[in-house]
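J.: Encoded as C-alpha cells, here's the structure I'll be asking about.
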Amino acid sequence: RALARLVAQEAAAAAGGERGRFTLGLSGGSLVELLSRELPPALREAGPEAQPARWVVAFCDERLVPSEHPESTYGAYRVRRAGGR
C-alpha cells in the first residue's frame with residue numbers, strides 16, 4: 001500500500017506543478033498485480049489531481065512481443081485493468 005500511496009501523492013503533486021503531468025515508468029512481474037490491486041483505492045484517496053488522465057506512462061522492460069503474448073508487460077497491465085488474470 002505504501003508504494004501505491006506514494007505514486008498517488010507524487011501524481012497529485014506533479015499534476016499541480018508547472019508541467020501539469022505525471023510521468024511513471026512501469027515494470028512487469030509482481031508489480032503488475034500489486035499496482036492493479038492497490039493503486040485504484042490510493043488514487044481515490046488522493047483526489048482528482050492524481051487521476052491518470054494527466055499521466056505519461058512508459059513500460060520500462062517491455063519485450064518485443066505482441067501485446068497478447070504472455071511476456072508482454074503492456075499486455076499484463078491491460079489484462080489486469082480489464083479485470084482478468
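Residue numbering restarts at 1 in every chain; chains get A, B, ... in the order shown in the C-alpha cells, and ligands count up from 1 in that same order.
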Please provide as a PyMOL selection string all residues within 12 Å of Ala14 (chain A), with the sequence filter that same-chain residues fewer than 5 positions apart are discarded (counting only C-alpha atoms).

T.: chain A and resi 7-9+19-24+49-52+54-56

J.: For those residues, write all heavy atoms to a file as a tab-separated table (two decimals), in the first residue's frame.

T.:
chain	number	residue	atom	x	y	z
A	7	VAL	N	2.88	6.72	-5.18
A	7	VAL	CA	2.60	7.03	-6.58
A	7	VAL	C	1.46	8.03	-6.68
A	7	VAL	O	1.53	9.02	-7.41
A	7	VAL	CB	2.28	5.74	-7.39
A	7	VAL	CG1	1.73	6.08	-8.77
A	7	VAL	CG2	3.51	4.86	-7.50
A	8	ALA	N	0.38	7.80	-5.94
A	8	ALA	CA	-0.77	8.71	-5.97
A	8	ALA	C	-0.39	10.11	-5.48
A	8	ALA	O	-0.79	11.11	-6.08
A	8	ALA	CB	-1.91	8.14	-5.12
A	9	GLN	N	0.38	10.20	-4.41
A	9	GLN	CA	0.79	11.50	-3.90
A	9	GLN	C	1.68	12.24	-4.89
A	9	GLN	O	1.53	13.44	-5.12
A	9	GLN	CB	1.53	11.33	-2.57
A	9	GLN	CG	0.64	10.90	-1.44
A	9	GLN	CD	1.44	10.43	-0.22
A	9	GLN	OE1	2.66	10.34	-0.25
A	9	GLN	NE2	0.74	10.11	0.85
A	19	ARG	N	4.37	21.68	-15.15
A	19	ARG	CA	4.11	20.92	-16.38
A	19	ARG	C	2.72	20.31	-16.41
A	19	ARG	O	2.22	19.95	-17.47
A	19	ARG	CB	5.17	19.85	-16.56
A	19	ARG	CG	6.53	20.49	-16.84
A	19	ARG	CD	7.65	19.54	-16.93
A	19	ARG	NE	7.40	18.45	-17.84
A	19	ARG	CZ	8.22	17.45	-18.02
A	19	ARG	NH1	9.36	17.42	-17.35
A	19	ARG	NH2	7.96	16.48	-18.85
A	20	GLY	N	2.12	20.13	-15.27
A	20	GLY	CA	0.76	19.62	-15.21
A	20	GLY	C	0.59	18.16	-15.59
A	20	GLY	O	-0.49	17.74	-15.97
A	21	ARG	N	1.67	17.39	-15.48
A	21	ARG	CA	1.55	15.97	-15.80
A	21	ARG	C	2.51	15.17	-14.92
A	21	ARG	O	3.48	15.69	-14.38
A	21	ARG	CB	1.80	15.70	-17.26
A	21	ARG	CG	3.22	15.90	-17.68
A	21	ARG	CD	3.43	15.50	-19.13
A	21	ARG	NE	4.81	15.65	-19.46
A	21	ARG	CZ	5.26	16.27	-20.52
A	21	ARG	NH1	4.41	16.80	-21.36
A	21	ARG	NH2	6.55	16.36	-20.74
A	22	PHE	N	2.22	13.88	-14.82
A	22	PHE	CA	3.00	12.95	-14.02
A	22	PHE	C	3.54	11.88	-14.95
A	22	PHE	O	2.80	11.30	-15.75
A	22	PHE	CB	2.10	12.33	-12.94
A	22	PHE	CG	2.75	11.26	-12.13
A	22	PHE	CD1	3.87	11.53	-11.36
A	22	PHE	CD2	2.23	9.98	-12.10
A	22	PHE	CE1	4.47	10.54	-10.59
A	22	PHE	CE2	2.82	8.99	-11.33
A	22	PHE	CZ	3.94	9.27	-10.58
A	23	THR	N	4.84	11.60	-14.86
A	23	THR	CA	5.46	10.58	-15.69
A	23	THR	C	5.82	9.39	-14.82
A	23	THR	O	6.43	9.55	-13.76
A	23	THR	CB	6.73	11.14	-16.37
A	23	THR	OG1	6.36	12.30	-17.13
A	23	THR	CG2	7.34	10.11	-17.29
A	24	LEU	N	5.44	8.20	-15.28
A	24	LEU	CA	5.65	6.98	-14.49
A	24	LEU	C	6.19	5.88	-15.40
A	24	LEU	O	5.67	5.65	-16.48
A	24	LEU	CB	4.32	6.52	-13.88
A	24	LEU	CG	4.32	5.23	-13.08
A	24	LEU	CD1	5.14	5.39	-11.81
A	24	LEU	CD2	2.89	4.83	-12.74
A	49	GLU	N	-6.69	15.41	-8.51
A	49	GLU	CA	-5.40	15.82	-9.07
A	49	GLU	C	-4.55	14.62	-9.47
A	49	GLU	O	-3.68	14.73	-10.33
A	49	GLU	CB	-4.60	16.67	-8.07
A	49	GLU	CG	-5.30	17.92	-7.62
A	49	GLU	CD	-6.26	17.68	-6.46
A	49	GLU	OE1	-6.12	16.66	-5.76
A	49	GLU	OE2	-7.15	18.50	-6.26
A	50	ALA	N	-4.77	13.48	-8.84
A	50	ALA	CA	-3.93	12.31	-9.06
A	50	ALA	C	-4.42	11.41	-10.20
A	50	ALA	O	-3.78	10.42	-10.52
A	50	ALA	CB	-3.85	11.48	-7.78
A	51	GLN	N	-5.52	11.75	-10.82
A	51	GLN	CA	-6.12	10.85	-11.80
A	51	GLN	C	-5.26	10.66	-13.04
A	51	GLN	O	-4.60	11.59	-13.52
A	51	GLN	CB	-7.51	11.34	-12.19
A	51	GLN	CG	-8.48	11.30	-11.01
A	51	GLN	CD	-8.48	9.97	-10.28
A	51	GLN	OE1	-8.68	8.92	-10.88
A	51	GLN	NE2	-8.27	10.00	-8.97
A	52	PRO	N	-5.22	9.45	-13.59
A	52	PRO	CA	-4.32	9.07	-14.67
A	52	PRO	C	-4.49	9.82	-15.99
A	52	PRO	O	-3.65	9.70	-16.87
A	52	PRO	CB	-4.62	7.58	-14.87
A	52	PRO	CG	-5.13	7.12	-13.55
A	52	PRO	CD	-5.89	8.29	-13.01
A	54	ARG	N	-3.77	12.66	-16.60
A	54	ARG	CA	-2.63	13.58	-16.73
A	54	ARG	C	-1.28	12.85	-16.63
A	54	ARG	O	-0.27	13.46	-16.38
A	54	ARG	CB	-2.73	14.65	-15.66
A	54	ARG	CG	-4.07	15.40	-15.78
A	54	ARG	CD	-4.13	16.51	-14.84
A	54	ARG	NE	-3.49	17.63	-15.53
A	54	ARG	CZ	-3.59	18.87	-15.14
A	54	ARG	NH1	-4.28	19.16	-14.06
A	54	ARG	NH2	-2.99	19.84	-15.80
A	55	TRP	N	-1.29	11.56	-16.83
A	55	TRP	CA	-0.08	10.75	-16.70
A	55	TRP	C	0.52	10.44	-18.07
A	55	TRP	O	-0.18	10.29	-19.06
A	55	TRP	CB	-0.39	9.40	-16.05
A	55	TRP	CG	-0.81	9.45	-14.62
A	55	TRP	CD1	-1.32	10.52	-13.93
A	55	TRP	CD2	-0.79	8.37	-13.71
A	55	TRP	NE1	-1.62	10.15	-12.65
A	55	TRP	CE2	-1.30	8.84	-12.49
A	55	TRP	CE3	-0.41	7.06	-13.82
A	55	TRP	CZ2	-1.41	8.02	-11.37
A	55	TRP	CZ3	-0.52	6.24	-12.71
A	55	TRP	CH2	-1.02	6.73	-11.49
A	56	VAL	N	1.84	10.30	-18.08
A	56	VAL	CA	2.57	9.73	-19.21
A	56	VAL	C	3.19	8.45	-18.66
A	56	VAL	O	3.95	8.50	-17.70
A	56	VAL	CB	3.67	10.70	-19.71
A	56	VAL	CG1	4.49	10.04	-20.80
A	56	VAL	CG2	3.07	12.00	-20.19

J.: Quick one: residues within 12 Å of region 75-78 of chain A, only C-alpha atoms counted, chain neighbours fewer than 5 positions away excluded, as JSON, numbers by chain?

T.: {"A": [26, 27, 28, 29, 30, 31, 32, 33, 34, 35, 36, 37, 57, 58, 59, 62, 63, 64, 65, 66, 67, 68, 69, 70, 83, 84, 85]}

J.: Save the residues we just selected, N, CA and C atoms, as a PDB file, in the first residue's frame?

T.:
ATOM      1  N   LEU A  26       6.740   1.881 -15.651  1.00  0.00           N
ATOM      2  CA  LEU A  26       6.233   0.645 -15.063  1.00  0.00           C
ATOM      3  C   LEU A  26       7.036  -0.555 -15.547  1.00  0.00           C
ATOM      4  N   SER A  27       7.348  -1.434 -14.615  1.00  0.00           N
ATOM      5  CA  SER A  27       7.956  -2.707 -14.984  1.00  0.00           C
ATOM      6  C   SER A  27       6.912  -3.799 -14.767  1.00  0.00           C
ATOM      7  N   GLY A  28       7.262  -4.991 -15.137  1.00  0.00           N
ATOM      8  CA  GLY A  28       6.315  -6.096 -15.027  1.00  0.00           C
ATOM      9  C   GLY A  28       6.492  -6.882 -13.748  1.00  0.00           C
ATOM     10  N   GLY A  29       6.332  -8.183 -13.863  1.00  0.00           N
ATOM     11  CA  GLY A  29       6.480  -9.063 -12.706  1.00  0.00           C
ATOM     12  C   GLY A  29       5.403  -8.847 -11.662  1.00  0.00           C
ATOM     13  N   SER A  30       5.785  -8.935 -10.403  1.00  0.00           N
ATOM     14  CA  SER A  30       4.820  -8.822  -9.297  1.00  0.00           C
ATOM     15  C   SER A  30       4.250  -7.420  -9.162  1.00  0.00           C
ATOM     16  N   LEU A  31       4.891  -6.424  -9.777  1.00  0.00           N
ATOM     17  CA  LEU A  31       4.391  -5.050  -9.706  1.00  0.00           C
ATOM     18  C   LEU A  31       3.033  -4.913 -10.385  1.00  0.00           C
ATOM     19  N   VAL A  32       2.800  -5.717 -11.413  1.00  0.00           N
ATOM     20  CA  VAL A  32       1.521  -5.663 -12.135  1.00  0.00           C
ATOM     21  C   VAL A  32       0.365  -5.924 -11.174  1.00  0.00           C
ATOM     22  N   GLU A  33       0.428  -7.017 -10.450  1.00  0.00           N
ATOM     23  CA  GLU A  33      -0.662  -7.361  -9.526  1.00  0.00           C
ATOM     24  C   GLU A  33      -0.765  -6.352  -8.397  1.00  0.00           C
ATOM     25  N   LEU A  34       0.374  -5.955  -7.832  1.00  0.00           N
ATOM     26  CA  LEU A  34       0.369  -5.017  -6.717  1.00  0.00           C
ATOM     27  C   LEU A  34      -0.286  -3.700  -7.104  1.00  0.00           C
ATOM     28  N   LEU A  35       0.159  -3.096  -8.188  1.00  0.00           N
ATOM     29  CA  LEU A  35      -0.415  -1.807  -8.582  1.00  0.00           C
ATOM     30  C   LEU A  35      -1.851  -1.940  -9.059  1.00  0.00           C
ATOM     31  N   SER A  36      -2.172  -3.022  -9.733  1.00  0.00           N
ATOM     32  CA  SER A  36      -3.550  -3.222 -10.188  1.00  0.00           C
ATOM     33  C   SER A  36      -4.521  -3.308  -9.014  1.00  0.00           C
ATOM     34  N   ARG A  37      -4.057  -3.846  -7.919  1.00  0.00           N
ATOM     35  CA  ARG A  37      -4.893  -4.004  -6.729  1.00  0.00           C
ATOM     36  C   ARG A  37      -4.877  -2.748  -5.848  1.00  0.00           C
ATOM     37  N   VAL A  57       2.815   7.318 -19.246  1.00  0.00           N
ATOM     38  CA  VAL A  57       3.268   6.021 -18.738  1.00  0.00           C
ATOM     39  C   VAL A  57       4.188   5.360 -19.762  1.00  0.00           C
ATOM     40  N   ALA A  58       5.313   4.867 -19.267  1.00  0.00           N
ATOM     41  CA  ALA A  58       6.254   4.116 -20.110  1.00  0.00           C
ATOM     42  C   ALA A  58       6.444   2.739 -19.492  1.00  0.00           C
ATOM     43  N   PHE A  59       6.542   1.743 -20.338  1.00  0.00           N
ATOM     44  CA  PHE A  59       6.781   0.381 -19.875  1.00  0.00           C
ATOM     45  C   PHE A  59       8.278   0.118 -19.982  1.00  0.00           C
ATOM     46  N   GLU A  62       9.562  -3.647 -21.387  1.00  0.00           N
ATOM     47  CA  GLU A  62       8.697  -4.274 -22.390  1.00  0.00           C
ATOM     48  C   GLU A  62       9.525  -5.125 -23.349  1.00  0.00           C
ATOM     49  N   ARG A  63       9.028  -6.280 -23.634  1.00  0.00           N
ATOM     50  CA  ARG A  63       9.683  -7.174 -24.572  1.00  0.00           C
ATOM     51  C   ARG A  63       9.163  -6.917 -25.987  1.00  0.00           C
ATOM     52  N   LEU A  64       9.905  -7.318 -26.972  1.00  0.00           N
ATOM     53  CA  LEU A  64       9.485  -7.133 -28.360  1.00  0.00           C
ATOM     54  C   LEU A  64       8.583  -8.286 -28.778  1.00  0.00           C
ATOM     55  N   VAL A  65       7.409  -8.296 -28.184  1.00  0.00           N
ATOM     56  CA  VAL A  65       6.403  -9.314 -28.477  1.00  0.00           C
ATOM     57  C   VAL A  65       5.053  -8.616 -28.617  1.00  0.00           C
ATOM     58  N   PRO A  66       4.098  -9.239 -29.281  1.00  0.00           N
ATOM     59  CA  PRO A  66       2.758  -8.650 -29.369  1.00  0.00           C
ATOM     60  C   PRO A  66       2.144  -8.483 -27.964  1.00  0.00           C
ATOM     61  N   SER A  67       1.247  -7.539 -27.818  1.00  0.00           N
ATOM     62  CA  SER A  67       0.648  -7.288 -26.502  1.00  0.00           C
ATOM     63  C   SER A  67      -0.137  -8.483 -25.974  1.00  0.00           C
ATOM     64  N   GLU A  68      -0.549  -9.384 -26.838  1.00  0.00           N
ATOM     65  CA  GLU A  68      -1.280 -10.581 -26.407  1.00  0.00           C
ATOM     66  C   GLU A  68      -0.346 -11.663 -25.866  1.00  0.00           C
ATOM     67  N   HIS A  69       0.938 -11.525 -26.085  1.00  0.00           N
ATOM     68  CA  HIS A  69       1.919 -12.519 -25.664  1.00  0.00           C
ATOM     69  C   HIS A  69       2.054 -12.514 -24.139  1.00  0.00           C
ATOM     70  N   PRO A  70       2.211 -13.676 -23.497  1.00  0.00           N
ATOM     71  CA  PRO A  70       2.322 -13.736 -22.032  1.00  0.00           C
ATOM     72  C   PRO A  70       3.520 -12.970 -21.455  1.00  0.00           C
ATOM     73  N   GLY A  83      -9.813  -6.572 -15.638  1.00  0.00           N
ATOM     74  CA  GLY A  83     -10.364  -7.489 -14.646  1.00  0.00           C
ATOM     75  C   GLY A  83      -9.950  -8.928 -14.822  1.00  0.00           C
ATOM     76  N   GLY A  84      -9.053  -9.190 -15.747  1.00  0.00           N
ATOM     77  CA  GLY A  84      -8.581 -10.558 -15.973  1.00  0.00           C
ATOM     78  C   GLY A  84      -7.412 -10.901 -15.079  1.00  0.00           C
ATOM     79  N   ARG A  85      -6.853 -12.063 -15.314  1.00  0.00           N
ATOM     80  CA  ARG A  85      -5.690 -12.501 -14.535  1.00  0.00           C
ATOM     81  C   ARG A  85      -4.530 -12.755 -15.426  1.00  0.00           C
TER      82      ARG A  85
END

J.: Record the distance separating CA of Pro41 (chain A) and CA of Leu3 (chain A), expressed in Å with one decimal.

T.: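 One can read the CA of Pro41 (chain A) to CA of Leu3 (chain A) distance as 12.2 Å.
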
J.: Could you write out, as a ChimeraX atom specification, all the residues of chain A that DSSP marks as strand (DSSP E)?

T.: /A:22-26,55-59

J.: Residues of the last selection are to be written out with C-alpha atoms, as an mmCIF file, in the first residue's frame.

T.:
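part_24.cif was written with the following content:
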data_model
loop_
_atom_site.group_PDB
_atom_site.id
_atom_site.type_symbol
_atom_site.label_atom_id
_atom_site.label_comp_id
_atom_site.auth_asym_id
_atom_site.auth_seq_id
_atom_site.Cartn_x
_atom_site.Cartn_y
_atom_site.Cartn_z
ATOM 1 C CA PHE A 22 2.999 12.949 -14.021
ATOM 2 C CA THR A 23 5.458 10.583 -15.688
ATOM 3 C CA LEU A 24 5.648 6.980 -14.495
ATOM 4 C CA GLY A 25 7.777 4.062 -15.641
ATOM 5 C CA LEU A 26 6.233 0.645 -15.063
ATOM 6 C CA TRP A 55 -0.078 10.748 -16.701
ATOM 7 C CA VAL A 56 2.569 9.734 -19.208
ATOM 8 C CA VAL A 57 3.268 6.021 -18.738
ATOM 9 C CA ALA A 58 6.254 4.116 -20.110
ATOM 10 C CA PHE A 59 6.781 0.381 -19.875
#

J.: What's the separation between CA of Leu43 (chain A) and CA of Val79 (chain A), in Å to one decimal place?

T.: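 Separation of CA of Leu43 (chain A) and CA of Val79 (chain A): 19.5 Å.
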
J.: DSSP on the backbone, helix (DSSP H, G or I) only: what residues of region 1-83 of chain A does that give? Format it as a PyMOL selection string.

T.: chain A and resi 2-15+30-46+48-50+52-54+73-81
